[in-house]
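In what follows, a structure is listed as structure tokens, so that the remarks can point back to it.
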Amino acid sequence: MESKLTSVFYPSGYKCLICGCEIDGGNFEFCNKCFKTLPQIVGKTCVKCGEPICSDSELCLFCKKEMPSFTKCFAPFTFSPPITNLIYRLKYNGEKFVAKTLSNLLLKFFMEQNVDVDIVIPVPLHLKREAERKFNQSELLAQSFKEHGFNVDVTCVVRTKNTTTQTALSKQLRKQNMEEAFKVLVKSKVKNKNVLLIDDVYTTGATFNSLSNTLKKCGAKNVYGLSLAHTKMEDIVKS
Ligand SMILES: [Zn+2]
Ligand SMILES: [Zn+2]
């Protein structure tokens with residue numbers, strides 16, 4: 001299948017981020033073989049949250065049950081290997097250089113969506129968490145957007161709740177955990193604006209939903225959520 005993703009060019013000499021072989025010059029820091037293994041989302045997705053669906057419905061079961069606050073969320077990949085490994089290396093292994101190609105992939109994908117945005121906000125970490133990790137992975141994933149002239153803002157929203165790690169929580173608990181977790185410091189920056197949020201992984205949508213609620217209370221027109229990887233509902237139900 002033809003890749004949906006167009007891209008910038010990396011000359012030869014770069015090493016593939018996945019297998020380490022020297023790339024022959026290419027669109028991303030991946031060799032052709034590894035590029036083909038990226039878990040691209042193809043086919044029909046929920047018009048609201050981006051969940052892959054196979055029914056005739058426009059909405060997935062989650063969104064049908066409870067309509068999210070955000071306008072629309074999208075992601076180029078499912079949360080599966082080798083994307084999971086790359087995200088892990090970035091977040092927990094401090095391999096910040098991985099973010100550059102991931103950010104490029106995200107930008108190229110976003111450019112194909114034909115969505116107008118006025119401001120791009122990487123989902124903030126709580127200051128304590130950011131101090132531990134020493135960086136915010138979402139900010140790194142927004143780097144290419146900044147370089148392409150998008151209005152990337154990392155100061156107007158803060159995370160006020162240092163939420164415990166969400167991995168082990170159910171969808172309902174994640175939602176409670178995320179309630180009023182964010183605060184908008186400069187409301188004029190989002191009022192009547194189309195906002196694009198950037199995060200690494202979409203799990204249950206609780207983070208985007210909470211942030212969207214907060215932004216909409218401050219008058220944001222549309223809130224879009226872009227993540228690198230979307231966790232499939234069947235994987236959440238299993239866990
Ligand atoms: Zn490779
Ligand atoms: Zn949905």
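In the structure tokens, chains take the letters A, B, ... in the order shown, each chain's residues start at 1, and ligands count up from 1 in the order shown.
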>> So that I can check the secondary structure, give me every residue of range 3-142 of chain A assigned alpha helix (DSSP H) by backbone DSSP, as a ChimeraX atom specification.
In response: /A:32-35,61-65,83-92,98-111,127-133,137-141
Dump of N, CA and C atoms for the selected residues, as a short mmCIF file (atom, residue, chain, number, x, y, z; two decimals), in the first residue's frame:
```
data_model
loop_
_atom_site.label_atom_id
_atom_site.label_comp_id
_atom_site.auth_asym_id
_atom_site.auth_seq_id
_atom_site.Cartn_x
_atom_site.Cartn_y
_atom_site.Cartn_z
N ASN A 32 14.02 1.88 4.60
CA ASN A 32 12.76 1.57 3.91
C ASN A 32 12.04 0.39 4.54
N LYS A 33 12.84 -0.58 4.98
CA LYS A 33 12.26 -1.79 5.56
C LYS A 33 11.50 -1.45 6.85
N CYS A 34 12.15 -0.68 7.72
CA CYS A 34 11.51 -0.32 8.99
C CYS A 34 10.34 0.64 8.79
N PHE A 35 10.49 1.53 7.80
CA PHE A 35 9.39 2.49 7.55
C PHE A 35 8.09 1.76 7.26
N LEU A 61 -17.92 3.33 19.54
CA LEU A 61 -18.83 3.05 20.66
C LEU A 61 -18.62 4.02 21.82
N PHE A 62 -17.34 4.37 22.07
CA PHE A 62 -17.03 5.31 23.17
C PHE A 62 -17.71 6.66 22.94
N CYS A 63 -17.55 7.18 21.74
CA CYS A 63 -18.09 8.51 21.43
C CYS A 63 -19.61 8.50 21.36
N LYS A 64 -20.17 7.36 20.93
CA LYS A 64 -21.63 7.23 20.89
C LYS A 64 -22.20 7.30 22.29
N LYS A 65 -21.49 6.66 23.22
CA LYS A 65 -21.94 6.58 24.60
C LYS A 65 -21.83 7.94 25.27
N ILE A 83 6.28 1.88 17.03
CA ILE A 83 6.00 3.22 17.56
C ILE A 83 6.06 3.22 19.09
N THR A 84 5.49 2.16 19.70
CA THR A 84 5.53 2.08 21.17
C THR A 84 6.96 2.15 21.70
N ASN A 85 7.87 1.44 21.03
CA ASN A 85 9.27 1.42 21.47
C ASN A 85 9.90 2.79 21.33
N LEU A 86 9.59 3.47 20.23
CA LEU A 86 10.17 4.80 19.99
C LEU A 86 9.68 5.79 21.05
N ILE A 87 8.39 5.70 21.38
CA ILE A 87 7.83 6.60 22.41
C ILE A 87 8.46 6.28 23.77
N TYR A 88 8.62 5.00 24.04
CA TYR A 88 9.24 4.60 25.31
C TYR A 88 10.67 5.15 25.40
N ARG A 89 11.44 5.02 24.31
CA ARG A 89 12.83 5.51 24.31
C ARG A 89 12.87 7.01 24.53
N LEU A 90 11.92 7.71 23.91
CA LEU A 90 11.86 9.16 24.08
C LEU A 90 11.51 9.55 25.51
N LYS A 91 10.44 8.95 26.04
CA LYS A 91 9.94 9.39 27.35
C LYS A 91 10.74 8.87 28.53
N TYR A 92 11.09 7.62 28.49
CA TYR A 92 11.68 7.01 29.68
C TYR A 92 13.16 6.73 29.57
N VAL A 98 15.14 11.11 19.13
CA VAL A 98 14.09 10.35 18.45
C VAL A 98 12.91 11.25 18.07
N ALA A 99 12.75 12.34 18.85
CA ALA A 99 11.57 13.21 18.68
C ALA A 99 11.54 13.92 17.34
N LYS A 100 12.71 14.19 16.78
CA LYS A 100 12.76 15.00 15.56
C LYS A 100 12.00 14.36 14.39
N THR A 101 12.33 13.10 14.13
CA THR A 101 11.65 12.40 13.04
C THR A 101 10.18 12.17 13.36
N LEU A 102 9.88 11.89 14.65
CA LEU A 102 8.48 11.69 15.04
C LEU A 102 7.68 12.98 14.84
N SER A 103 8.32 14.10 15.17
CA SER A 103 7.68 15.40 14.98
C SER A 103 7.44 15.69 13.50
N ASN A 104 8.39 15.34 12.66
CA ASN A 104 8.22 15.49 11.21
C ASN A 104 7.07 14.63 10.69
N LEU A 105 7.00 13.40 11.18
CA LEU A 105 5.91 12.50 10.76
C LEU A 105 4.57 13.11 11.13
N LEU A 106 4.52 13.67 12.35
CA LEU A 106 3.29 14.27 12.86
C LEU A 106 2.88 15.48 12.03
N LEU A 107 3.85 16.30 11.71
CA LEU A 107 3.57 17.50 10.90
C LEU A 107 3.06 17.14 9.51
N LYS A 108 3.74 16.21 8.86
CA LYS A 108 3.33 15.81 7.51
C LYS A 108 1.92 15.25 7.54
N PHE A 109 1.63 14.45 8.56
CA PHE A 109 0.29 13.88 8.70
C PHE A 109 -0.73 14.99 8.90
N PHE A 110 -0.40 15.93 9.76
CA PHE A 110 -1.35 17.01 10.06
C PHE A 110 -1.64 17.87 8.83
N MET A 111 -0.61 18.13 8.03
CA MET A 111 -0.78 18.96 6.84
C MET A 111 -1.78 18.35 5.86
N LEU A 127 4.65 20.66 36.50
CA LEU A 127 6.04 21.13 36.67
C LEU A 127 6.93 20.11 37.37
N LYS A 128 6.33 19.41 38.33
CA LYS A 128 7.11 18.42 39.09
C LYS A 128 7.54 17.26 38.17
N ARG A 129 6.60 16.81 37.35
CA ARG A 129 6.88 15.71 36.42
C ARG A 129 7.94 16.15 35.40
N GLU A 130 7.77 17.38 34.91
CA GLU A 130 8.71 17.89 33.90
C GLU A 130 10.11 18.04 34.50
N ALA A 131 10.17 18.41 35.78
CA ALA A 131 11.47 18.54 36.45
C ALA A 131 12.14 17.18 36.57
N GLU A 132 11.34 16.14 36.82
CA GLU A 132 11.90 14.78 36.91
C GLU A 132 12.42 14.30 35.56
N ARG A 133 11.59 14.54 34.52
CA ARG A 133 11.95 14.04 33.18
C ARG A 133 12.92 14.97 32.47
N GLN A 137 7.84 15.72 26.44
CA GLN A 137 7.88 15.03 25.14
C GLN A 137 6.92 15.67 24.12
N SER A 138 5.79 16.21 24.61
CA SER A 138 4.82 16.82 23.69
C SER A 138 5.39 18.09 23.06
N GLU A 139 6.17 18.81 23.85
CA GLU A 139 6.84 20.01 23.32
C GLU A 139 7.83 19.62 22.22
N LEU A 140 8.56 18.53 22.45
CA LEU A 140 9.52 18.07 21.43
C LEU A 140 8.78 17.62 20.17
N LEU A 141 7.61 17.03 20.35
CA LEU A 141 6.84 16.58 19.19
C LEU A 141 6.24 17.75 18.41
#
```
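Around ligand 1, using only C-alpha atoms and all ligand atoms and a cut-off of 12 Å, the residues in contact are Tyr14, Lys15, Cys16, Leu17, Ile18, Cys19, Gly20, Cys21, Glu22, Ile23, Asp24, Gly26, Phe28, Glu29, Phe30, Cys31, Asn32, Lys33, Cys34, Phe35, Lys36, Thr37, Leu38 and Pro82 of chain A.
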With ligand 2 as the partner and 7 Å as the cut-off, tabulate the residues of chain A that qualify, each row holding the nearest pair of atoms and their distance in Å to one decimal, using only C-alpha atoms and all ligand atoms, sorted by chain and rising number, as CSV.
```
residue,atom,partner,partner_atom_place_in_ligand_line,distance
A:Cys46,CA,ligand 2,1 (Zn),4.6
A:Val47,CA,ligand 2,1 (Zn),6.7
A:Lys48,CA,ligand 2,1 (Zn),5.0
A:Cys49,CA,ligand 2,1 (Zn),4.0
A:Gly50,CA,ligand 2,1 (Zn),6.0
A:Glu51,CA,ligand 2,1 (Zn),5.4
A:Leu59,CA,ligand 2,1 (Zn),5.2
A:Cys60,CA,ligand 2,1 (Zn),4.2
A:Leu61,CA,ligand 2,1 (Zn),6.6
A:Phe62,CA,ligand 2,1 (Zn),5.6
A:Cys63,CA,ligand 2,1 (Zn),4.3
```
Interface rows for range 62-166 of chain A against range 206-216 of chain A: nearest pair, Å to one decimal, 8 Å, only C-alpha atoms, as a tab-separated table:
```
residue	atom	partner	partner_atom	distance
A:Pro68	CA	A:Asn209	CA	6.1
A:Ser69	CA	A:Asn209	CA	5.6
A:Phe70	CA	A:Ser212	CA	5.4
```
Would you mind exporting the chosen residues as a short mmCIF file (atom, residue, chain, number, x, y, z; two decimals), in the first residue's frame, restricted to N, CA and C atoms?
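The result, written out as part30.cif:
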```
data_model
loop_
_atom_site.label_atom_id
_atom_site.label_comp_id
_atom_site.auth_asym_id
_atom_site.auth_seq_id
_atom_site.Cartn_x
_atom_site.Cartn_y
_atom_site.Cartn_z
N PRO A 68 -17.35 13.34 23.29
CA PRO A 68 -16.26 14.11 23.89
C PRO A 68 -16.42 15.61 23.64
N SER A 69 -15.73 16.39 24.42
CA SER A 69 -15.81 17.85 24.32
C SER A 69 -15.01 18.39 23.13
N PHE A 70 -13.94 17.68 22.76
CA PHE A 70 -13.09 18.19 21.67
C PHE A 70 -13.79 18.10 20.32
#
```
>> Please compute the CA of Phe74 in chain A-CA of Gly225 in chain A distance, one decimal, in Å.
In response: 6.4 Å
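Using only C-alpha atoms, the smallest distance between any of A:Lys134, A:Lys232, A:Lys217, A:Lys161 and Ala181 in chain A comes from A:Lys161.
By only C-alpha atoms, and with residues fewer than 5 positions from Lys44 in chain A along its chain excluded, the set lying at most 8 Å from it is Pro52, Ile53 and Cys54 of chain A.
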Let's have the selection written as a CSV table (one decimal), in the first residue's frame, with N, CA, C and O atoms.
```
chain,number,residue,atom,x,y,z
A,52,PRO,N,-10.0,3.5,14.9
A,52,PRO,CA,-10.4,2.7,13.7
A,52,PRO,C,-11.7,2.0,13.9
A,52,PRO,O,-11.9,1.4,15.0
A,53,ILE,N,-12.6,2.1,13.0
A,53,ILE,CA,-13.9,1.3,13.1
A,53,ILE,C,-14.2,0.6,11.8
A,53,ILE,O,-13.8,1.0,10.7
A,54,CYS,N,-14.9,-0.5,12.0
A,54,CYS,CA,-15.2,-1.3,10.8
A,54,CYS,C,-16.7,-1.3,10.5
A,54,CYS,O,-17.1,-1.9,9.5
```
